[in-house]
$ cat run-v1.tsv   # TSV, C-alpha atoms and all ligand atoms
chain	number	residue	atom	x	y	z
A	404	MET	CA	-57.00	-19.06	-17.21
A	405	SER	CA	-54.50	-20.03	-19.19
A	406	PRO	CA	-52.86	-19.69	-22.16
A	407	ASP	CA	-49.97	-20.92	-23.54
A	408	ASP	CA	-47.12	-19.06	-24.16
A	409	ASP	CA	-43.84	-18.84	-23.51
A	410	ARG	CA	-42.87	-17.93	-20.55
A	411	ALA	CA	-40.72	-16.92	-18.31
A	412	GLY	CA	-40.80	-18.58	-15.25
A	413	PRO	CA	-43.29	-19.12	-12.81
A	414	THR	CA	-45.03	-16.23	-12.16
A	415	GLY	CA	-47.32	-16.04	-9.69
A	416	ALA	CA	-49.94	-14.50	-10.86
A	417	ASP	CA	-51.69	-14.27	-13.48
A	418	HIS	CA	-51.85	-15.20	-16.58
A	419	GLU	CA	-50.71	-16.69	-19.24
A	420	THR	CA	-51.03	-17.12	-22.58
A	421	PRO	CA	-50.93	-19.40	-25.08
A	422	ALA	CA	-48.78	-18.48	-27.45
A	423	ARG	CA	-48.00	-19.58	-30.60
A	424	PRO	CA	-45.16	-19.72	-32.22
A	425	ARG	CA	-44.45	-19.39	-35.47
A	426	ALA	CA	-41.75	-18.59	-37.18
A	427	ARG	CA	-41.31	-18.14	-40.43
A	428	ARG	CA	-40.65	-16.52	-43.36
A	429	PRO	CA	-38.64	-13.78	-44.26
A	430	ASN	CA	-39.64	-11.45	-41.73
A	431	TRP	CA	-39.99	-13.60	-38.94
A	432	LEU	CA	-38.06	-12.68	-36.09
A	433	PRO	CA	-36.38	-15.46	-34.62
A	434	VAL	CA	-36.77	-14.22	-31.39
A	435	ALA	CA	-40.19	-13.77	-31.39
A	436	ILE	CA	-40.81	-17.05	-31.29
A	437	ALA	CA	-39.80	-18.36	-28.46
A	438	VAL	CA	-43.05	-18.48	-27.73
A	439	VAL	CA	-44.71	-20.57	-26.01
A	440	ALA	CA	-44.75	-22.75	-23.45
A	441	ALA	CA	-47.83	-23.70	-22.09
A	442	MET	CA	-48.82	-21.96	-19.13
A	443	LEU	CA	-51.77	-22.77	-17.37
A	444	MET	CA	-53.23	-20.93	-14.70
A	445	VAL	CA	-55.14	-22.61	-12.26
A	446	ALA	CA	-57.19	-20.86	-9.83
A	447	GLY	CA	-55.41	-17.76	-10.34
A	448	VAL	CA	-52.08	-19.09	-10.22
A	449	VAL	CA	-50.07	-19.46	-13.10
A	450	VAL	CA	-48.40	-22.44	-13.71
A	451	VAL	CA	-46.11	-22.63	-16.23
A	452	SER	CA	-43.59	-24.18	-17.81
A	453	ASP	CA	-40.59	-22.81	-18.74
A	454	LEU	CA	-38.94	-25.40	-20.03
A	455	VAL	CA	-37.88	-23.85	-22.89
A	456	ALA	CA	-34.70	-23.10	-21.61
A	457	GLY	CA	-34.61	-26.06	-19.59
A	458	ASP	CA	-32.18	-28.65	-19.82
A	459	GLY	CA	-32.52	-31.66	-21.64
A	460	ASP	CA	-35.33	-33.18	-20.07
A	461	THR	CA	-35.61	-36.71	-20.63
A	462	ALA	CA	-39.14	-36.94	-20.67
A	463	SER	CA	-39.34	-40.50	-20.48
A	464	ASP	CA	-40.47	-41.59	-17.29
A	465	ILE	CA	-42.11	-38.57	-16.10
A	466	THR	CA	-45.59	-39.02	-14.94
A	467	PRO	CA	-47.84	-36.04	-14.69
A	468	ALA	CA	-49.12	-35.34	-11.28
A	469	ALA	CA	-52.64	-35.78	-12.41
A	470	ASP	CA	-52.63	-38.85	-14.55
A	471	PRO	CA	-54.27	-38.03	-17.83
A	472	ASN	CA	-54.92	-41.70	-18.30
A	473	ALA	CA	-56.95	-42.07	-15.20
A	474	PRO	CA	-60.42	-43.42	-15.95
A	475	ASP	CA	-62.15	-40.23	-15.06
A	476	SER	CA	-59.70	-37.95	-16.75
A	477	ALA	CA	-60.89	-35.39	-19.25
A	478	ALA	CA	-58.08	-36.33	-21.59
A	479	THR	CA	-59.12	-39.95	-21.48
A	480	ALA	CA	-62.78	-39.14	-21.96
A	481	LEU	CA	-61.97	-37.04	-24.98
A	482	ARG	CA	-59.80	-39.75	-26.49
A	483	ASP	CA	-62.27	-42.49	-25.81
A	484	SER	CA	-65.14	-40.61	-27.32
A	485	ARG	CA	-63.79	-41.42	-30.75
A	486	ALA	CA	-65.66	-38.36	-31.84
A	487	ARG	CA	-65.10	-36.93	-35.26
A	488	LEU	CA	-65.36	-33.40	-36.50
A	489	ALA	CA	-67.94	-32.48	-39.09
A	490	SER	CA	-66.68	-31.75	-42.56
A	491	VAL	CA	-67.47	-28.15	-43.31
A	492	ASP	CA	-67.28	-25.77	-46.20
A	493	CYS	CA	-65.14	-22.91	-45.13
A	494	ASP	CA	-64.82	-19.85	-47.29
A	495	PRO	CA	-63.75	-16.92	-45.17
A	496	PRO	CA	-63.05	-13.53	-46.74
A	497	GLU	CA	-59.68	-13.47	-48.43
A	498	LEU	CA	-56.96	-12.16	-46.18
A	499	GLN	CA	-55.85	-8.72	-47.26
A	500	PRO	CA	-53.36	-6.41	-45.61
A	501	GLY	CA	-54.68	-4.69	-42.55
A	502	ARG	CA	-56.10	-5.44	-39.16
A	503	GLU	CA	-59.74	-5.27	-40.24
A	504	SER	CA	-59.19	-7.83	-42.95
A	505	ALA	CA	-57.52	-10.11	-40.44
A	506	ARG	CA	-60.47	-9.69	-38.11
A	507	ALA	CA	-62.90	-10.57	-40.88
A	508	TYR	CA	-60.79	-13.55	-41.90
A	509	TYR	CA	-60.55	-14.88	-38.37
A	510	THR	CA	-64.25	-14.37	-37.80
A	511	GLY	CA	-65.02	-16.40	-40.90
A	512	VAL	CA	-62.69	-19.21	-39.86
A	513	LEU	CA	-64.04	-19.14	-36.32
A	514	ASP	CA	-67.49	-19.91	-37.65
A	515	CYS	CA	-66.01	-22.89	-39.48
A	516	LEU	CA	-64.27	-24.05	-36.31
A	517	ASP	CA	-67.48	-23.84	-34.31
A	518	ARG	CA	-69.37	-25.89	-36.88
A	519	ALA	CA	-66.64	-28.48	-37.32
A	520	TRP	CA	-66.12	-29.10	-33.60
A	521	ARG	CA	-69.79	-29.09	-32.62
A	522	PRO	CA	-70.32	-32.87	-33.04
A	523	VAL	CA	-67.37	-33.58	-30.76
A	524	LEU	CA	-68.74	-31.40	-27.99
A	525	ASP	CA	-72.22	-32.85	-28.45
A	526	ARG	CA	-70.88	-36.36	-28.20
A	527	MET	CA	-69.10	-35.51	-25.00
A	528	GLY	CA	-72.10	-33.78	-23.55
A	529	VAL	CA	-70.24	-30.51	-23.36
A	530	GLU	CA	-72.16	-27.33	-23.93
A	531	PRO	CA	-70.64	-25.41	-26.83
A	532	GLN	CA	-69.48	-21.97	-25.88
A	533	PRO	CA	-68.29	-19.50	-28.45
A	534	ALA	CA	-64.73	-18.29	-28.60
A	535	SER	CA	-63.89	-14.83	-29.84
A	536	VAL	CA	-60.80	-13.43	-31.46
A	537	ASP	CA	-59.24	-10.13	-30.51
A	538	VAL	CA	-56.73	-8.71	-32.96
A	539	ALA	CA	-56.03	-5.54	-31.01
A	540	ASP	CA	-52.51	-4.91	-29.84
A	541	VAL	CA	-53.66	-5.00	-26.28
A	542	ARG	CA	-51.44	-5.38	-23.32
A	543	THR	CA	-53.89	-6.65	-20.82
A	544	THR	CA	-56.35	-9.48	-21.05
A	545	GLU	CA	-58.71	-11.16	-18.65
A	546	CYS	CA	-55.88	-13.56	-18.03
A	547	GLY	CA	-53.35	-10.86	-17.31
A	548	GLU	CA	-50.67	-9.20	-19.34
A	549	LEU	CA	-49.81	-10.49	-22.74
A	550	PRO	CA	-46.27	-11.70	-22.95
A	551	PRO	CA	-43.94	-9.44	-24.92
A	552	ALA	CA	-44.16	-9.60	-28.70
A	553	ASP	CA	-40.83	-11.27	-28.91
A	554	ARG	CA	-42.07	-14.07	-26.73
A	555	ALA	CA	-45.48	-14.88	-28.04
A	556	LEU	CA	-47.72	-14.31	-30.96
A	557	GLY	CA	-50.84	-14.59	-29.01
A	558	LEU	CA	-52.66	-16.31	-26.30
A	559	TYR	CA	-55.84	-18.11	-25.46
A	560	CYS	CA	-57.51	-16.85	-22.33
A	561	ASP	CA	-59.87	-19.37	-20.87
A	562	ALA	CA	-61.35	-16.86	-18.46
A	563	ASP	CA	-63.39	-15.28	-21.23
A	564	HIS	CA	-62.72	-17.70	-24.07
A	565	THR	CA	-60.88	-15.10	-26.06
A	566	ILE	CA	-58.11	-15.82	-28.50
A	567	HIS	CA	-55.77	-12.86	-28.50
A	568	LEU	CA	-53.83	-12.55	-31.72
A	569	PRO	CA	-52.48	-9.01	-31.81
A	570	TYR	CA	-52.41	-8.23	-35.51
A	571	SER	CA	-48.98	-6.72	-35.70
A	572	ARG	CA	-47.34	-9.79	-34.24
A	573	LEU	CA	-48.39	-12.40	-36.75
A	574	ALA	CA	-48.39	-9.95	-39.64
A	575	THR	CA	-44.78	-9.18	-38.89
A	576	ALA	CA	-43.82	-12.75	-38.34
A	577	ALA	CA	-45.60	-14.37	-41.22
A	578	GLY	CA	-46.53	-11.63	-43.61
A	579	GLU	CA	-49.82	-9.76	-43.75
A	580	THR	CA	-51.45	-11.95	-46.34
A	581	HIS	CA	-49.95	-15.34	-45.63
A	582	GLU	CA	-53.21	-17.12	-44.94
A	583	PRO	CA	-51.80	-20.53	-44.00
A	584	ALA	CA	-50.05	-19.03	-41.00
A	585	PHE	CA	-53.17	-17.20	-39.85
A	586	LEU	CA	-55.25	-20.32	-40.37
A	587	ALA	CA	-52.82	-22.64	-38.58
A	588	THR	CA	-52.42	-20.26	-35.68
A	589	LEU	CA	-56.13	-19.75	-35.15
A	590	ALA	CA	-56.83	-23.48	-35.46
A	591	HIS	CA	-54.19	-24.20	-32.81
A	592	GLU	CA	-55.57	-21.59	-30.42
A	593	TYR	CA	-59.06	-22.94	-30.94
A	594	GLY	CA	-57.61	-26.31	-29.98
A	595	HIS	CA	-56.93	-24.76	-26.57
A	596	HIS	CA	-60.55	-23.62	-26.49
A	597	ILE	CA	-61.64	-27.22	-27.02
A	598	GLN	CA	-59.23	-28.30	-24.29
A	599	ALA	CA	-60.79	-25.71	-22.00
A	600	LEU	CA	-64.38	-26.74	-22.70
A	601	THR	CA	-63.65	-30.42	-22.25
A	602	GLY	CA	-61.65	-30.15	-19.06
A	603	VAL	CA	-58.26	-31.01	-20.49
A	604	PHE	CA	-57.04	-27.49	-19.90
A	605	ALA	CA	-57.78	-27.56	-16.19
A	606	GLU	CA	-56.42	-31.05	-15.91
A	607	ALA	CA	-53.15	-30.05	-17.50
A	608	GLY	CA	-52.98	-27.08	-15.19
A	609	ASN	CA	-53.44	-29.34	-12.21
A	610	ALA	CA	-50.74	-31.67	-13.47
A	611	MET	CA	-48.36	-28.76	-13.78
A	612	SER	CA	-49.21	-27.29	-10.46
A	613	ASP	CA	-46.51	-27.88	-7.94
A	614	ALA	CA	-44.75	-30.11	-10.39
A	615	ASP	CA	-41.04	-29.94	-10.94
A	616	ALA	CA	-39.64	-28.31	-14.06
A	617	ALA	CA	-39.29	-31.54	-15.99
A	618	VAL	CA	-42.91	-32.50	-15.43
A	619	GLU	CA	-44.13	-29.02	-16.28
A	620	SER	CA	-42.17	-29.20	-19.46
A	621	GLU	CA	-43.54	-32.55	-20.44
A	622	VAL	CA	-47.13	-31.71	-19.63
A	623	GLY	CA	-46.76	-28.43	-21.49
A	624	ARG	CA	-45.52	-30.19	-24.61
A	625	ARG	CA	-48.27	-32.81	-24.51
A	626	PHE	CA	-50.78	-30.01	-24.07
A	627	GLU	CA	-49.43	-27.89	-26.93
A	628	LEU	CA	-48.94	-30.79	-29.30
A	629	GLN	CA	-52.52	-31.87	-28.68
A	630	ALA	CA	-53.74	-28.38	-29.60
A	631	THR	CA	-51.73	-28.62	-32.80
A	632	CYS	CA	-53.13	-32.07	-33.51
A	633	PHE	CA	-56.61	-30.62	-32.98
A	634	ALA	CA	-55.70	-27.97	-35.54
A	635	GLY	CA	-54.85	-30.82	-37.91
A	636	LEU	CA	-58.26	-32.42	-37.30
A	637	PHE	CA	-59.93	-29.16	-38.22
A	638	LEU	CA	-57.80	-28.72	-41.33
A	639	ASP	CA	-58.84	-32.21	-42.37
A	640	ALA	CA	-62.48	-31.26	-41.83
A	641	THR	CA	-61.94	-28.36	-44.23
A	642	ARG	CA	-59.52	-30.17	-46.47
A	643	ALA	CA	-61.42	-29.28	-49.59
A	644	ASN	CA	-61.04	-25.60	-48.88
A	645	ARG	CA	-58.23	-23.29	-49.77
A	646	GLY	CA	-55.24	-23.27	-47.54
A	647	ALA	CA	-55.92	-26.38	-45.49
A	648	GLU	CA	-52.94	-28.42	-46.61
A	649	ALA	CA	-50.69	-25.40	-46.67
A	650	ALA	CA	-51.65	-24.70	-43.07
A	651	VAL	CA	-50.60	-28.22	-42.06
A	652	GLN	CA	-47.25	-27.57	-43.68
A	653	ASP	CA	-47.05	-24.25	-41.93
A	654	PHE	CA	-46.47	-25.91	-38.59
A	655	ALA	CA	-43.05	-26.98	-39.84
A	656	ASP	CA	-42.13	-23.33	-39.98
A	657	TRP	CA	-42.76	-22.59	-36.38
A	658	SER	CA	-39.56	-21.90	-34.65
A	659	GLY	CA	-38.63	-21.21	-31.14
A	660	VAL	CA	-41.17	-23.68	-30.00
A	661	ASP	CA	-39.31	-26.02	-27.79
A	662	SER	CA	-42.04	-25.65	-25.26
A	663	HIS	CA	-44.38	-26.94	-27.93
A	664	GLY	CA	-42.22	-29.92	-28.75
A	665	GLY	CA	-40.17	-28.30	-31.49
A	666	ALA	CA	-40.98	-27.60	-35.12
A	667	ARG	CA	-40.61	-31.17	-36.34
A	668	LEU	CA	-43.05	-32.54	-33.82
A	669	GLN	CA	-45.44	-29.65	-34.38
A	670	LYS	CA	-45.59	-30.66	-38.02
A	671	GLN	CA	-45.81	-34.33	-37.10
A	672	TRP	CA	-48.82	-33.84	-34.83
A	673	ALA	CA	-50.52	-31.47	-37.25
A	674	SER	CA	-50.21	-34.23	-39.84
A	675	THR	CA	-51.42	-36.84	-37.36
A	676	GLY	CA	-54.59	-34.86	-36.85
A	677	PHE	CA	-54.94	-34.18	-40.56
A	678	ASN	CA	-54.80	-37.90	-41.29
A	679	GLY	CA	-56.14	-39.27	-38.06
A	680	GLY	CA	-59.86	-39.21	-38.42
A	681	SER	CA	-61.01	-38.82	-34.85
A	682	VAL	CA	-59.93	-37.03	-31.71
A	683	ALA	CA	-58.52	-40.33	-30.49
A	684	ALA	CA	-55.61	-39.76	-32.88
A	685	CYS	CA	-54.63	-36.73	-30.83
A	686	ASP	CA	-53.93	-38.57	-27.63
A	687	THR	CA	-50.62	-36.95	-26.93
A	688	TRP	CA	-51.09	-37.89	-23.28
A	689	SER	CA	-50.36	-41.52	-24.02
A	690	ALA	CA	-47.74	-40.90	-26.68
A	691	PRO	CA	-44.21	-42.19	-26.07
A	692	ALA	CA	-41.50	-39.74	-25.14
A	693	ALA	CA	-40.06	-39.85	-28.63
A	694	ASP	CA	-43.25	-38.32	-29.95
A	695	ILE	CA	-43.43	-35.45	-27.57
A	696	GLY	CA	-39.85	-34.30	-27.62
A	697	GLY	CA	-38.03	-32.36	-25.04
A	698	THR	CA	-35.67	-29.52	-24.85
A	699	GLY	CA	-32.33	-30.52	-26.10
A	700	THR	CA	-33.53	-33.42	-28.12
A	701	PRO	CA	-33.02	-33.58	-31.79
A	702	ASP	CA	-36.48	-32.58	-32.23
A	703	SER	CA	-36.65	-29.40	-30.66
A	704	GLY	CA	-35.83	-27.65	-33.70
A	705	SER	CA	-36.23	-24.20	-32.88
A	706	GLY	CA	-34.90	-22.01	-35.25
A	707	ALA	CA	-35.14	-23.74	-38.25
A	708	PRO	CA	-37.42	-22.40	-40.50
A	709	ALA	CA	-38.79	-21.69	-43.03
A	710	SER	CA	-39.97	-22.71	-45.99
A	711	PRO	CA	-40.42	-20.36	-48.62
A	801	ZN	ZN	-50.67	-23.18	-27.75
$ encode --input "run-v1.tsv" --output "structure tokens"
Amino acid sequence: MSPDDDRAGPTGADHETPARPRARRPNWLPVAIAVVAAMLMVAGVVVVSDLVAGDGDTASDITPAADPNAPDSAATALRDSRARLASVDCDPPELQPGRESARAYYTGVLDCLDRAWRPVLDRMGVEPQPASVDVADVRTTECGELPPADRALGLYCDADHTIHLPYSRLATAAGETHEPAFLATLAHEYGHHIQALTGVFAEAGNAMSDADAAVESEVGRRFELQATCFAGLFLDATRANRGAEAAVQDFADWSGVDSHGGARLQKQWASTGFNGGSVAACDTWSAPAADIGGTGTPDSGSGAPASP
């Protein structure tokens, strides 16, 4: 299982979460964002990266334990497929205040995500499996305990393909009706679902397993930035629909996301996906260090937020 999230150190057991960050707006609690670092759990063990607090990792010559560029790697296969998402009309119910409205909104967007990504999975010979969204303020998931609200907005659990986005967290952070934040967040988490179905998730987990902190940090950032780039691909596929461009911009508002490469790089990779055309554009695994950031670099802009 695995999710991304922010973490706190290796934990041994269970779970993780993907977490998303976000930051934003007026009510956003700065803290809450620290979200995310990618944690992957492999075979019951959580791997994780904590880099967030890490020290300036110079990601440059770090090579993941499991080379994502190896010929048989899932990351390489995905990149080389040159697959493209299908353009889809996406008109989910308008987001209104309240948990039920959020559930309906997410459900509508999820249908769009399934349709848009289907050609990619078909091209890779991967059987599509549905993801579900849970907006309950649960504490426990199939992947273990959710991280505290001040650490993560949500998490993707690959054990049951559920995207946990406790309503109160994002509503508090971004505002109950701020659709771009809900859209961007769900699209990013669905990116982890695609990573899980295509083997990238497990591969990243393997690369982080037994790796030192610097490698965990780097792999975590490449993993998270790819999920954000995948979100950009989806937003491009729905570019004609309301909120798509605003959602791309929304990534610039994420704060506390050093583990995700920092706000500037989140926005950069969301834009790369939005303008990239195919999944090959989201090859964060081959990207130079300057494009994946690192704690302590000028890019890790945590904290900075917010656009109006
Ligand atoms: Zn994530």
$ closest_residue --input "run-v1.tsv" --among "A:Ala574, A:Ala666, A:Val622, A:Ala489" --to "Ala610 in chain A" --atoms "all atoms listed in the file"
A:Val622
$ atom_distance --input "run-v1.tsv" --atom1 "CA of Glu619 in chain A" --atom2 "CA of Arg485 in chain A"
27.4 Å
$ closest_residue --input "run-v1.tsv" --among "A:Trp688, A:Trp672, A:Tyr559, A:Phe677" --to "ligand ZN 801 (chain A)" --atoms "all atoms listed in the file"
A:Tyr559
$ atom_distance --input "run-v1.tsv" --atom1 "CA of Arg542 in chain A" --atom2 "CA of Ala584 in chain A"
22.4 Å
$ atom_distance --input "run-v1.tsv" --atom1 "CA of Thr641 in chain A" --atom2 "CA of Cys685 in chain A"
17.4 Å
$ residues_around --input "run-v1.tsv" --residues "range 490-501 of chain A" --least-positions-apart "6" --cutoff "6 Å" --atoms "only C-alpha atoms" --output "list in words"
Tyr508, Gly511, Val512, Cys515, Glu579, Thr580, Ala640 and Thr641 of chain A
$ residues_near_point --input "run-v1.tsv" --point "(-52.0, -16.8, -33.4)" --cutoff "10 Å" --atoms "only C-alpha atoms" --output "MDAnalysis selection string"
chainID A and resid 421:425 536 538 555:559 566:570 572:574 584:593
$ write_last_selection --input "run-v1.tsv" --atoms "C-alpha atoms" --output "PDB file, in the frame of the given file"
ATOM      1  CA  PRO A 421     -50.930 -19.400 -25.080  1.00  0.00           C
ATOM      2  CA  ALA A 422     -48.780 -18.480 -27.450  1.00  0.00           C
ATOM      3  CA  ARG A 423     -48.000 -19.580 -30.600  1.00  0.00           C
ATOM      4  CA  PRO A 424     -45.160 -19.720 -32.220  1.00  0.00           C
ATOM      5  CA  ARG A 425     -44.450 -19.390 -35.470  1.00  0.00           C
ATOM      6  CA  VAL A 536     -60.800 -13.430 -31.460  1.00  0.00           C
ATOM      7  CA  VAL A 538     -56.730  -8.710 -32.960  1.00  0.00           C
ATOM      8  CA  ALA A 555     -45.480 -14.880 -28.040  1.00  0.00           C
ATOM      9  CA  LEU A 556     -47.720 -14.310 -30.960  1.00  0.00           C
ATOM     10  CA  GLY A 557     -50.840 -14.590 -29.010  1.00  0.00           C
ATOM     11  CA  LEU A 558     -52.660 -16.310 -26.300  1.00  0.00           C
ATOM     12  CA  TYR A 559     -55.840 -18.110 -25.460  1.00  0.00           C
ATOM     13  CA  ILE A 566     -58.110 -15.820 -28.500  1.00  0.00           C
ATOM     14  CA  HIS A 567     -55.770 -12.860 -28.500  1.00  0.00           C
ATOM     15  CA  LEU A 568     -53.830 -12.550 -31.720  1.00  0.00           C
ATOM     16  CA  PRO A 569     -52.480  -9.010 -31.810  1.00  0.00           C
ATOM     17  CA  TYR A 570     -52.410  -8.230 -35.510  1.00  0.00           C
ATOM     18  CA  ARG A 572     -47.340  -9.790 -34.240  1.00  0.00           C
ATOM     19  CA  LEU A 573     -48.390 -12.400 -36.750  1.00  0.00           C
ATOM     20  CA  ALA A 574     -48.390  -9.950 -39.640  1.00  0.00           C
ATOM     21  CA  ALA A 584     -50.050 -19.030 -41.000  1.00  0.00           C
ATOM     22  CA  PHE A 585     -53.170 -17.200 -39.850  1.00  0.00           C
ATOM     23  CA  LEU A 586     -55.250 -20.320 -40.370  1.00  0.00           C
ATOM     24  CA  ALA A 587     -52.820 -22.640 -38.580  1.00  0.00           C
ATOM     25  CA  THR A 588     -52.420 -20.260 -35.680  1.00  0.00           C
ATOM     26  CA  LEU A 589     -56.130 -19.750 -35.150  1.00  0.00           C
ATOM     27  CA  ALA A 590     -56.830 -23.480 -35.460  1.00  0.00           C
ATOM     28  CA  HIS A 591     -54.190 -24.200 -32.810  1.00  0.00           C
ATOM     29  CA  GLU A 592     -55.570 -21.590 -30.420  1.00  0.00           C
ATOM     30  CA  TYR A 593     -59.060 -22.940 -30.940  1.00  0.00           C
TER      31      TYR A 593
END
$ residues_around --input "run-v1.tsv" --residues "Thr479 in chain A" --least-positions-apart "6" --cutoff "10 Å" --atoms "only C-alpha atoms" --output "compact mmCIF listing (two decimals) with C-alpha atoms, in the frame of the given file"
# COMPACT_ATOMS: atom_id res chain seq x y z
CA ASP A 470 -52.63 -38.85 -14.55
CA PRO A 471 -54.27 -38.03 -17.83
CA ASN A 472 -54.92 -41.70 -18.30
CA ALA A 473 -56.95 -42.07 -15.20
CA VAL A 603 -58.26 -31.01 -20.49
CA ALA A 683 -58.52 -40.33 -30.49
CA ASP A 686 -53.93 -38.57 -27.63
CA TRP A 688 -51.09 -37.89 -23.28
CA SER A 689 -50.36 -41.52 -24.02
$ closest_residue --input "run-v1.tsv" --among "A:Asp639, A:Asp615, A:Glu627, A:Asp694" --to "ligand ZN 801 (chain A)" --atoms "only C-alpha atoms and all ligand atoms"
A:Glu627
